[in-house]
Amino acid sequence: MFASFFRHYLPWLLIGGLLPFTFAPFDQVWLPYPLFALAFCMLPTLARRNLRQFALAGWCLGFGFFTVGVSWVYFSIHDYGNASPTLAGGLTLLFTALLSLFFVLQFLLLGLSFRYGGLSRLAARRQVLFGGLLFAAVWVLFEWVRAWLLSGFPWLLLGEALPASSTGGWMSGWAPVAGVYACSLLILLMALALGLVINRLLERIRNTAESPPAPDSTGLPSWPDYTFAVLVLALVLGGYGLSSVQWTSANGPVLSAALVQPNIAQALKWKSSEQDRIVRTYIDMTTPIWDADIILWPETALPLYQHQAVNLLKQLGQRADSEQAAFFTGILTVSESDAGEIQVHNSFIGLGKASGQYDKQRLVPFGEYVPMQSILRGLIDFFNLPMSDMRPGRTEQAPLTMQLNSSGETYTVAALICYEVVYPDFVASQAADVDLMITVSNDTWFGRSIGPLQHLQIARMRALEQQKPILRGTNNGVTAIIGADGIIQDRLAQFESGVLRGEVQPRQGATPFARTGSMPILLLCGLLIVGVVLQARRA
């Protein structure tokens with residue numbers, strides 16, 4: 001039993017566990033290529049297994065991937081849910097085990113295609129090529145499924161693995177055209193090209209022991225391999241060519257921005273005894289920066305509801321108006337539903353030369369609402385966090401606006417609150433017709449984990465997809481200004497209070513991805529699956 005696990009399943013567990021090191025803060029962007037190349041070389045062995053064993057291999061891959069990649073969940077449960085290390089660790093493993101079911105379904109579809117699509121009857125080398133193409137298409141489709149099934153968890157999408165200091169060359173060309181899923185697909189196809197080379201070398205090593213050599217055992221690539229390699233090379237070179245295309249253009253002059261990062265402890269934020277001190281902290285940090293065109297406070301900055309802070313907000317608005325500044329802040333708001341129910345929203349508002357209100361649509365499970373709360377609410381502190389009974393905003397909301405006298409321009413702003421920035425198609429629908437994106441977050445919930453840096457990396461991809469800048473304001477990091485090319489222009493250190501001052505260039509127009517979303521690449525993956533199965537049946 002153990003020998004079988006070590007031989008057939010441990011490699012998948014290790015691939016999954018190593019893959020998150022591709023992402024921030026490790027940024028080992030070369031890592032997916034050898035890992036997936038190894039995975040593709042293992043497909044002929046996996047093809048001889050039954051569907052249950054396919055599913056187990058998928059679960060092992062997913063469990064390793066999520067246990068390492070979203071380990072920050074432990075900090076949220078332990079540090080802010082007051083759970084013991086044992087309970088927090090157990091709940092984290094349960095969470096990652098459940099997330100791994102996505103990979104179970106993914107590998108079951110792969111196994112069904114091998115069994116009933118004719119791939120299991122192909123020669124081993126053809127199983128690597130056709131199975132690899134199928135694997136890549138199914139992987140991308142399930143990244144998309146993760147973005148919406150059960151409210152969605154599109155975290156650690158492969159195409160978001162951007163280098164720390166740049167946008168990745170070819171990726172900066174394809175991301176505005178086809179989005180993050182296209183980048184995921186291209187990474188997998190590049191890994192498959194490497195896998196084909198490795199597989200042929202392994203065949204050649206095995207065949208040197210044969211006398212006489214087996215038919216078609218020269219170890220040289222065959223024409224399908226050559227054709228595929230040329231295609232992948234053309235796609236990569238095409239990405240470099242597209243990277244010089246400007247789908248959006250500057251709108252008006254460069255604006256000055258000041259982003260406030262107060263570094264307020266989460267344990268103190270909602271204590272009534274701390275309200276005055278927190279408000280004073282924000283006021284004191286803002287006093288020297290009223291000369292900026294844009295002033296930004298983070299998500300739910302004030303420990304007050306909007307109706308409790310009417311006088312303060314009025315004073316801030318008047319000061320911003322007199323200073324010709326657009327002032328933005330996150331704040332809790334209250335509304336009444338058609339049925340007369342009082343609803344709490346996580347909102348973002350503009351004051352002074354800015355106007356409008358946006359209510360968050362994509363809420364964080366357990367942080368902003370509790371699924372099955374009639375069962376879970378009150379079991380442990382983690383299921384009873386402050387402000388965890390919110391309601392989502394309406395699906396159709398107008399963007400916020402800025403009308404700055406200094407530039408004489410009116411700008412539109414897409415607000416993205418915390419978790420919303422991880423949804424590629426949602427951001428595309430919000431940002432297609434605006435000049436600037438602002439995302440606010442309170443990543444204090446992640447603790448001193450890899451979560452905030454992953455979150456920042458995701459925001460970089462959204463800027464690149466839309467070819468529009470992002471102002472990212474947070475409570476304790478990472479506060480940053482991200483250019484339309486996805487490159488971080490400036491940032492503040494984590495876990496420190498401070499003000500980030502910089503410049504931002506509003507941009508108008510829309511990228512192809514902003515107009516079409518992910519549908520073209522999803523259709524391509526569907527066609528790829530059908531084409532591979534039909535070709536395998538003919539072969």
# chains A, B, ... in the order shown; residues from 1 in each chain; ligands from 1

call {"tool": "residues_around", "arguments": {"residues": "Gln127 (chain A)", "least_positions_apart": "4", "cutoff": "10 Å", "atoms": "only C-alpha atoms", "output": "ChimeraX atom specification"}}
result
/A:40-45,47,114,118-123,131-134,536

call {"tool": "atom_distance", "arguments": {"atom1": "CA of Trp148 (chain A)", "atom2": "CA of Asn346 (chain A)"}}
result
20.4 Å

call {"tool": "closest_residue", "arguments": {"among": "A:Val145, A:Gly89, A:Ala250, A:Asn82", "to": "Leu101 (chain A)", "atoms": "only C-alpha atoms"}}
result
A:Val145

call {"tool": "atom_distance", "arguments": {"atom1": "CA of Leu522 (chain A)", "atom2": "CA of Arg115 (chain A)"}}
result
23.3 Å

call {"tool": "closest_residue", "arguments": {"among": "A:Pro262, A:Gly195, A:Pro424, A:Gly179", "to": "Ala459 (chain A)", "atoms": "only C-alpha atoms"}}
result
A:Pro424

call {"tool": "select_by_dssp", "arguments": {"residues": "region 68-235 of chain A", "states": "helix (DSSP H, G or I)", "output": "PyMOL selection string"}}
result
chain A and resi 68-69+72-80+85-99+101-116+119-121+124-146+149-151+158-160+170-178+180-207+223-235

call {"tool": "closest_residue", "arguments": {"among": "A:Gly111, A:Gly531, A:Pro452, A:Gly517", "to": "Ala428 (chain A)", "atoms": "only C-alpha atoms"}}
result
A:Gly517

call {"tool": "residues_around", "arguments": {"residues": "Val279 (chain A)", "least_positions_apart": "5", "cutoff": "9 Å", "atoms": "only C-alpha atoms", "output": "list of chain:residue names"}}
result
A:Glu274, A:Asp284, A:Ala301, A:Leu302, A:Pro303

call {"tool": "closest_residue", "arguments": {"among": "A:Ala175, A:Cys525, A:Cys183, A:Leu201", "to": "Leu464 (chain A)", "atoms": "only C-alpha atoms"}}
result
A:Ala175

call {"tool": "residues_around", "arguments": {"residues": "Leu13 (chain A)", "least_positions_apart": "3", "cutoff": "10 Å", "atoms": "only C-alpha atoms", "output": "JSON, numbers by chain"}}
result
{"A": [6, 8, 9, 10, 16, 17, 18, 57, 58, 59, 60, 61, 62, 63, 64, 65]}

call {"tool": "write_last_selection", "arguments": {"atoms": "N, CA, C and O atoms", "output": "JSON list (two decimals), in the first residue's frame"}}
result
[["chain", "number", "residue", "atom", "x", "y", "z"],
["A", 6, "PHE", "N", 3.83, 5.87, -2.60],
["A", 6, "PHE", "CA", 5.07, 6.57, -2.92],
["A", 6, "PHE", "C", 5.34, 6.58, -4.42],
["A", 6, "PHE", "O", 5.89, 7.54, -4.95],
["A", 8, "HIS", "N", 2.98, 6.12, -7.04],
["A", 8, "HIS", "CA", 1.95, 6.66, -7.93],
["A", 8, "HIS", "C", 1.39, 8.01, -7.49],
["A", 8, "HIS", "O", 0.91, 8.77, -8.34],
["A", 9, "TYR", "N", 1.42, 8.31, -6.20],
["A", 9, "TYR", "CA", 0.70, 9.51, -5.73],
["A", 9, "TYR", "C", 1.61, 10.56, -5.10],
["A", 9, "TYR", "O", 1.31, 11.76, -5.17],
["A", 10, "LEU", "N", 2.70, 10.12, -4.46],
["A", 10, "LEU", "CA", 3.60, 11.09, -3.84],
["A", 10, "LEU", "C", 4.13, 12.11, -4.85],
["A", 10, "LEU", "O", 4.23, 13.31, -4.52],
["A", 16, "GLY", "N", 2.21, 19.43, -6.48],
["A", 16, "GLY", "CA", 1.26, 20.41, -5.93],
["A", 16, "GLY", "C", 1.88, 21.25, -4.84],
["A", 16, "GLY", "O", 1.66, 22.47, -4.77],
["A", 17, "GLY", "N", 2.68, 20.64, -3.96],
["A", 17, "GLY", "CA", 3.27, 21.38, -2.86],
["A", 17, "GLY", "C", 4.35, 22.35, -3.29],
["A", 17, "GLY", "O", 4.57, 23.38, -2.64],
["A", 18, "LEU", "N", 5.03, 22.06, -4.40],
["A", 18, "LEU", "CA", 6.09, 22.94, -4.89],
["A", 18, "LEU", "C", 5.55, 24.06, -5.77],
["A", 18, "LEU", "O", 6.16, 25.13, -5.87],
["A", 57, "ALA", "N", -4.98, 10.83, -7.53],
["A", 57, "ALA", "CA", -3.84, 11.62, -8.00],
["A", 57, "ALA", "C", -4.19, 13.10, -8.04],
["A", 57, "ALA", "O", -3.40, 13.97, -7.62],
["A", 58, "GLY", "N", -5.39, 13.43, -8.51],
["A", 58, "GLY", "CA", -5.83, 14.82, -8.55],
["A", 58, "GLY", "C", -5.96, 15.40, -7.16],
["A", 58, "GLY", "O", -5.59, 16.56, -6.92],
["A", 59, "TRP", "N", -6.49, 14.60, -6.23],
["A", 59, "TRP", "CA", -6.64, 15.10, -4.86],
["A", 59, "TRP", "C", -5.28, 15.39, -4.24],
["A", 59, "TRP", "O", -5.10, 16.40, -3.55],
["A", 60, "CYS", "N", -4.31, 14.51, -4.47],
["A", 60, "CYS", "CA", -2.97, 14.72, -3.93],
["A", 60, "CYS", "C", -2.35, 16.00, -4.49],
["A", 60, "CYS", "O", -1.75, 16.79, -3.75],
["A", 61, "LEU", "N", -2.51, 16.23, -5.79],
["A", 61, "LEU", "CA", -2.00, 17.45, -6.40],
["A", 61, "LEU", "C", -2.67, 18.68, -5.77],
["A", 61, "LEU", "O", -2.00, 19.65, -5.39],
["A", 62, "GLY", "N", -3.98, 18.65, -5.65],
["A", 62, "GLY", "CA", -4.71, 19.78, -5.09],
["A", 62, "GLY", "C", -4.40, 20.01, -3.62],
["A", 62, "GLY", "O", -4.26, 21.16, -3.18],
["A", 63, "PHE", "N", -4.26, 18.92, -2.86],
["A", 63, "PHE", "CA", -3.99, 19.07, -1.42],
["A", 63, "PHE", "C", -2.62, 19.70, -1.20],
["A", 63, "PHE", "O", -2.47, 20.59, -0.35],
["A", 64, "GLY", "N", -1.62, 19.25, -1.95],
["A", 64, "GLY", "CA", -0.30, 19.88, -1.83],
["A", 64, "GLY", "C", -0.33, 21.34, -2.25],
["A", 64, "GLY", "O", 0.26, 22.21, -1.60],
["A", 65, "PHE", "N", -1.05, 21.62, -3.33],
["A", 65, "PHE", "CA", -1.12, 22.97, -3.89],
["A", 65, "PHE", "C", -1.76, 23.95, -2.92],
["A", 65, "PHE", "O", -1.21, 25.02, -2.61]]
